[in-house]
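*Asks:* This structure is in structure tokens; I'll ask about it shortly.
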Amino acid sequence: MSPIVRYESLLTMSSKNLYTNGCSFTYGHNLPREETWPKLLSDKLSCNLVNESKNGQSFQSITFNSINTLSELNPENTIVIIGLTWETRYMIQLGNETLDVSPSCLNSEQNHEVKNVFAKYYKYLVENDKNLSENQHKNLITNLISLQSFLKQNKFKYRIVNFLDQLKEMDLPIYNKLDKSKIINFRGDWRDLYIDDTSHPTKEGCINISEVIYDNIN
């Protein structure tokens with residue numbers, strides 16, 4: 001189904017929608033759709049699921065796509081859950097697509113010419129930018145603040161899911177501008193209990209995530 005058809009069909013729905021976006025932690029790496037936490041959560045909430053997450057997605061891409069899709073949905077009947085991803089990923093906008101480049105792209109040939117070009121630029125940053133880590137983290141926080149501002153202004157009920165402490169506390173003034181009350185943090189022994197050998201949530205981990213988010217928003 002094309003995005004336009006999908007959005008038009010959603011706009012005619014009278015029941016509640018659950019909108020989710022993120023990377024493979026939200027998409028459900030190697031899990032059937034029925035076992036992913038967005039599907040489990042939508043069932044708990046009795047909501048239609050709109051899941052725009054995809055493997056390897058950058059947070060810039062998540063922010064861009066979420067704001068554009070949510071602009072077509074009614075805040076009164078839409079709950080928004082956004083999964084964080086790693087700051088080392090970058091978005092490339094090309095036509096109607098958003099492509100993403102991660103560190104794994106730097107030393108391997110990609111199936112898209114523009115991604116190979118961007119990977120060369122990324123490799124240059126890695127080799128020459130002494131502030132790369134801080135700049136990447138500022139970019140993540142800036143995009144998150146922008147997304148939070150949009151959600152708040154448009155009165156969406158939402159939560160941000162911080163799976164593996166991607167929001168590490170750095171001595172940055174911008175960090176204090178985040179609305180931390182809307183962020184769900186998974187810390188402590190959660191990684192040992194619910195992350196598999198591929199570094200993704202297990203089936204049991206997805207059940208736990210859906211339960212924690214459900215309890216938090218209710």
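Letters A, B, ... go to the chains of the structure tokens in the order shown; residues in each chain start at 1; ligands are counted from 1 in the same order.
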Write down as an MDAnalysis selection string the residues of stretch 13-212 of chain A whose backbone DSSP state falls under strand (DSSP E or B).
*Replies:* chainID A and resid 17:21 48:51 78:83 90:94 97:101 157:162 183:185 195 201
*Asks:* Residues at most 9 Å from A:Thr26, counting only C-alpha atoms, excluding those fewer than 6 positions away in the same chain, as a compact mmCIF listing (two decimals) with C-alpha atoms, in the first residue's frame?
*Replies:*
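To be explicit, this is the file written out as result22.txt:
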# COMPACT_ATOMS: atom_id res chain seq x y z
CA THR A 20 5.35 3.87 16.25
CA THR A 36 7.02 -7.30 18.02
CA TRP A 37 6.33 -4.88 20.84
CA PRO A 38 4.40 -2.36 18.64
CA ASN A 51 4.48 1.26 12.34
CA SER A 53 10.10 1.80 11.90
CA LYS A 54 12.79 0.14 9.81
CA ASN A 55 16.15 -1.50 10.35
CA ILE A 82 9.07 6.61 19.33
CA GLY A 83 12.07 4.32 19.87
CA LEU A 84 15.48 5.94 20.10
CA CYS A 206 9.18 -7.35 23.38
*Asks:* Considering only C-alpha atoms, can you say which of A:Cys23, A:Leu151, A:Val101, A:Ile92 comes closest to A:Ile67?
*Replies:*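 Among the listed residues, the smallest separation from A:Ile67 belongs to A:Leu151.
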*Asks:* Please provide as a list in words all residues within 7 Å of stretch 163-176 of chain A, with the sequence filter that same-chain residues fewer than 4 positions apart are discarded (counting only C-alpha atoms).
*Replies:*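 Surrounding residues, per the criterion: Leu84, Thr85, Trp86, Ile141, Asn185, Phe186 and Arg187 of chain A.
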*Asks:* Produce a file of the selected residues containing N, CA and C atoms, as a PDB file, in the first residue's frame.
*Replies:*
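The resulting file, result-v7.pdb, is shown below:
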ATOM      1  N   LEU A  84      14.204   5.291  20.408  1.00  0.00           N
ATOM      2  CA  LEU A  84      15.475   5.942  20.095  1.00  0.00           C
ATOM      3  C   LEU A  84      16.385   4.995  19.332  1.00  0.00           C
ATOM      4  N   THR A  85      17.316   5.583  18.598  1.00  0.00           N
ATOM      5  CA  THR A  85      18.350   4.804  17.933  1.00  0.00           C
ATOM      6  C   THR A  85      19.695   5.471  18.187  1.00  0.00           C
ATOM      7  N   TRP A  86      20.742   4.990  17.541  1.00  0.00           N
ATOM      8  CA  TRP A  86      22.080   5.458  17.845  1.00  0.00           C
ATOM      9  C   TRP A  86      22.446   6.707  17.060  1.00  0.00           C
ATOM     10  N   ILE A 141      20.077  14.861  20.138  1.00  0.00           N
ATOM     11  CA  ILE A 141      19.266  15.599  21.098  1.00  0.00           C
ATOM     12  C   ILE A 141      18.476  16.713  20.412  1.00  0.00           C
ATOM     13  N   ASN A 185      13.004   4.900  30.246  1.00  0.00           N
ATOM     14  CA  ASN A 185      14.375   4.390  30.227  1.00  0.00           C
ATOM     15  C   ASN A 185      14.427   2.926  30.636  1.00  0.00           C
ATOM     16  N   PHE A 186      15.077   2.113  29.821  1.00  0.00           N
ATOM     17  CA  PHE A 186      15.324   0.706  30.154  1.00  0.00           C
ATOM     18  C   PHE A 186      16.786   0.589  30.566  1.00  0.00           C
ATOM     19  N   ARG A 187      17.008   0.365  31.848  1.00  0.00           N
ATOM     20  CA  ARG A 187      18.377   0.338  32.357  1.00  0.00           C
ATOM     21  C   ARG A 187      18.585  -0.875  33.258  1.00  0.00           C
TER      22      ARG A 187
END
*Asks:* Need to verify the contact set: A:Cys47, 12 Å, only C-alpha atoms, exclusion of same-chain residues closer than 2 positions in sequence. Can you return it as a count of residues only?
*Replies:* 24
*Asks:* Fewer than 5 positions away in the same chain doesn't count, so skip those; otherwise give me all residues within 7 Å of A:Ile62, counting only C-alpha atoms, as a list in words.
*Replies:*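 Once the nearby chain positions are removed, what remains is Asn21, Gly22 and Gln57 of chain A.
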*Asks:* Any chance you can output those residues with C-alpha atoms as a PDB file, in the first residue's frame?
*Replies:*
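Done, and the output landed in again11.pdb:
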ATOM      1  CA  ASN A  21       8.700   4.630  14.656  1.00  0.00           C
ATOM      2  CA  GLY A  22      12.292   3.647  15.331  1.00  0.00           C
ATOM      3  CA  GLN A  57      17.065   4.018  10.629  1.00  0.00           C
TER       4      GLN A  57
END
*Asks:* Between A:Glu87, A:Thr98, A:Ile209, A:Lys152, which one has atoms that come closest to A:Leu132, using only C-alpha atoms?
*Replies:* A:Glu87
*Asks:* Work out how far atom CA of A:Ser58 is from atom CA of A:Ala119, in Å to one decimal.
*Replies:*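 Computed distance, atom CA of A:Ala119 to atom CA of A:Ser58, equals 14.2 Å.
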*Asks:* As an exercise, work out the distance from atom CA of A:Tyr27 to atom CA of A:Thr202 in Å and give it to one decimal place.
*Replies:*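 About the pair atom CA of A:Tyr27 and atom CA of A:Thr202: they are 12.3 Å apart.
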*Asks:* For A:Gln136, which of A:Ser102, A:Phe118, A:Val212, A:Ile183 is the closest residue, counting only C-alpha atoms?
*Replies:*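 Among the listed residues, the smallest separation from A:Gln136 belongs to A:Ser102.
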*Asks:* Just checking: using only C-alpha atoms, which residue out of A:Asp215, A:Asp129, A:Glu204, A:Asp189 ends up closest to A:Leu31?
*Replies:*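 Residue with the minimum atom-to-atom distance to A:Leu31: A:Glu204.
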*Asks:* Show me, as a compact mmCIF listing (two decimals) with N, CA, C and O atoms, in the first residue's frame, the residues that have an atom within 12 Å of A:Leu147 when counting only C-alpha atoms, minus same-chain residues fewer than 6 positions from it.
*Replies:*
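Final output, saved to result.txt:
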# COMPACT_ATOMS: atom_id res chain seq x y z
N ASN A 21 7.58 4.48 15.59
CA ASN A 21 8.70 4.63 14.66
C ASN A 21 9.99 4.38 15.43
O ASN A 21 10.06 4.57 16.64
N PHE A 59 18.01 8.68 13.71
CA PHE A 59 16.98 9.43 14.42
C PHE A 59 16.55 10.66 13.63
O PHE A 59 15.42 11.12 13.77
N GLN A 60 17.42 11.18 12.80
CA GLN A 60 17.02 12.28 11.92
C GLN A 60 15.91 11.82 10.98
O GLN A 60 14.93 12.53 10.74
N SER A 61 16.06 10.61 10.45
CA SER A 61 15.05 10.03 9.57
C SER A 61 13.76 9.75 10.34
O SER A 61 12.65 10.00 9.84
N ILE A 62 13.90 9.24 11.55
CA ILE A 62 12.73 8.97 12.40
C ILE A 62 11.95 10.26 12.64
O ILE A 62 10.72 10.31 12.53
N THR A 63 12.68 11.34 12.98
CA THR A 63 12.04 12.62 13.24
C THR A 63 11.34 13.15 11.99
O THR A 63 10.17 13.57 12.03
N PHE A 64 12.05 13.13 10.87
CA PHE A 64 11.51 13.63 9.60
C PHE A 64 10.24 12.89 9.21
O PHE A 64 9.20 13.51 8.90
N ASN A 65 10.30 11.57 9.21
CA ASN A 65 9.15 10.77 8.78
C ASN A 65 7.99 10.85 9.77
O ASN A 65 6.83 10.89 9.36
N SER A 66 8.31 10.89 11.07
CA SER A 66 7.25 10.95 12.08
C SER A 66 6.47 12.24 11.97
O SER A 66 5.22 12.24 11.98
N ILE A 67 7.16 13.37 11.88
CA ILE A 67 6.48 14.66 11.81
C ILE A 67 5.60 14.74 10.55
O ILE A 67 4.46 15.21 10.61
N ASN A 68 6.12 14.25 9.43
CA ASN A 68 5.34 14.32 8.19
C ASN A 68 4.13 13.40 8.22
O ASN A 68 3.05 13.77 7.77
N LEU A 70 2.60 12.18 11.04
CA LEU A 70 1.68 12.59 12.11
C LEU A 70 0.92 13.87 11.76
O LEU A 70 -0.14 14.14 12.32
N SER A 71 1.44 14.64 10.82
CA SER A 71 0.72 15.82 10.35
C SER A 71 -0.57 15.43 9.65
O SER A 71 -1.47 16.27 9.47
N VAL A 80 1.44 8.11 20.26
CA VAL A 80 2.73 8.07 19.56
C VAL A 80 3.80 7.49 20.48
O VAL A 80 4.00 7.98 21.60
N ILE A 81 4.48 6.45 20.00
CA ILE A 81 5.61 5.86 20.73
C ILE A 81 6.81 5.83 19.78
O ILE A 81 6.75 5.19 18.73
N ILE A 82 7.88 6.51 20.17
CA ILE A 82 9.07 6.61 19.33
C ILE A 82 10.25 5.92 20.03
O ILE A 82 10.57 6.23 21.17
N LEU A 84 14.20 5.29 20.41
CA LEU A 84 15.48 5.94 20.10
C LEU A 84 16.39 4.99 19.33
O LEU A 84 16.27 3.78 19.42
N LEU A 140 21.50 14.21 17.75
CA LEU A 140 20.43 13.34 18.27
C LEU A 140 19.50 14.13 19.19
O LEU A 140 18.27 14.09 19.03
N ILE A 141 20.08 14.86 20.14
CA ILE A 141 19.27 15.60 21.10
C ILE A 141 18.48 16.71 20.41
O ILE A 141 17.30 16.96 20.73
N GLN A 153 3.18 20.63 20.85
CA GLN A 153 2.41 21.70 20.22
C GLN A 153 1.10 21.18 19.63
O GLN A 153 0.07 21.85 19.68
N ASN A 154 1.15 19.97 19.08
CA ASN A 154 -0.04 19.40 18.45
C ASN A 154 -0.84 18.49 19.38
O ASN A 154 -1.78 17.83 18.94
N PHE A 156 -0.26 15.65 21.01
CA PHE A 156 -0.24 14.20 20.92
C PHE A 156 0.12 13.61 22.29
O PHE A 156 0.97 14.15 23.00
N TYR A 158 2.26 10.98 23.92
CA TYR A 158 3.42 10.30 23.38
C TYR A 158 4.40 9.87 24.47
O TYR A 158 4.38 10.38 25.59
N ARG A 159 5.27 8.95 24.07
CA ARG A 159 6.41 8.56 24.91
C ARG A 159 7.61 8.29 23.99
O ARG A 159 7.44 7.85 22.85
N ILE A 160 8.80 8.56 24.50
CA ILE A 160 10.06 8.22 23.83
C ILE A 160 10.68 7.06 24.59
O ILE A 160 10.76 7.09 25.82
N LEU A 178 15.35 18.83 27.12
CA LEU A 178 14.52 17.66 26.88
C LEU A 178 13.42 17.56 27.93
O LEU A 178 13.62 17.91 29.10
N ASP A 179 12.25 17.09 27.51
CA ASP A 179 11.19 16.77 28.46
C ASP A 179 11.40 15.33 28.91
O ASP A 179 10.91 14.39 28.28
N LYS A 182 8.67 12.41 29.58
CA LYS A 182 8.06 11.63 28.50
C LYS A 182 8.98 10.54 27.98
O LYS A 182 8.69 9.90 26.97
*Asks:* Could you list, as a list of chain:residue names, every residue within 10 Å of A:Lys115, counting only C-alpha atoms and ignoring same-chain residues fewer than 6 positions away?
*Replies:*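 The residues that qualify are A:Met91, A:Ile92, A:Leu99, A:Asp100, A:Val101, A:Ser102, A:Cys105, A:Leu106, A:Glu109, A:Tyr121.
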*Asks:* Select from stretch 40-160 of chain A everything DSSP, run on the backbone, classes as alpha helix (DSSP H), then give the selection as a PyMOL selection string.
*Replies:* chain A and resi 40-45+59-70+113-128+132-153
*Asks:* Interatomic distance between atom CA of A:Asp197 and atom CA of A:Gly28?
*Replies:*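 Straight-line distance from atom CA of A:Asp197 to atom CA of A:Gly28 works out to 14.1 Å.
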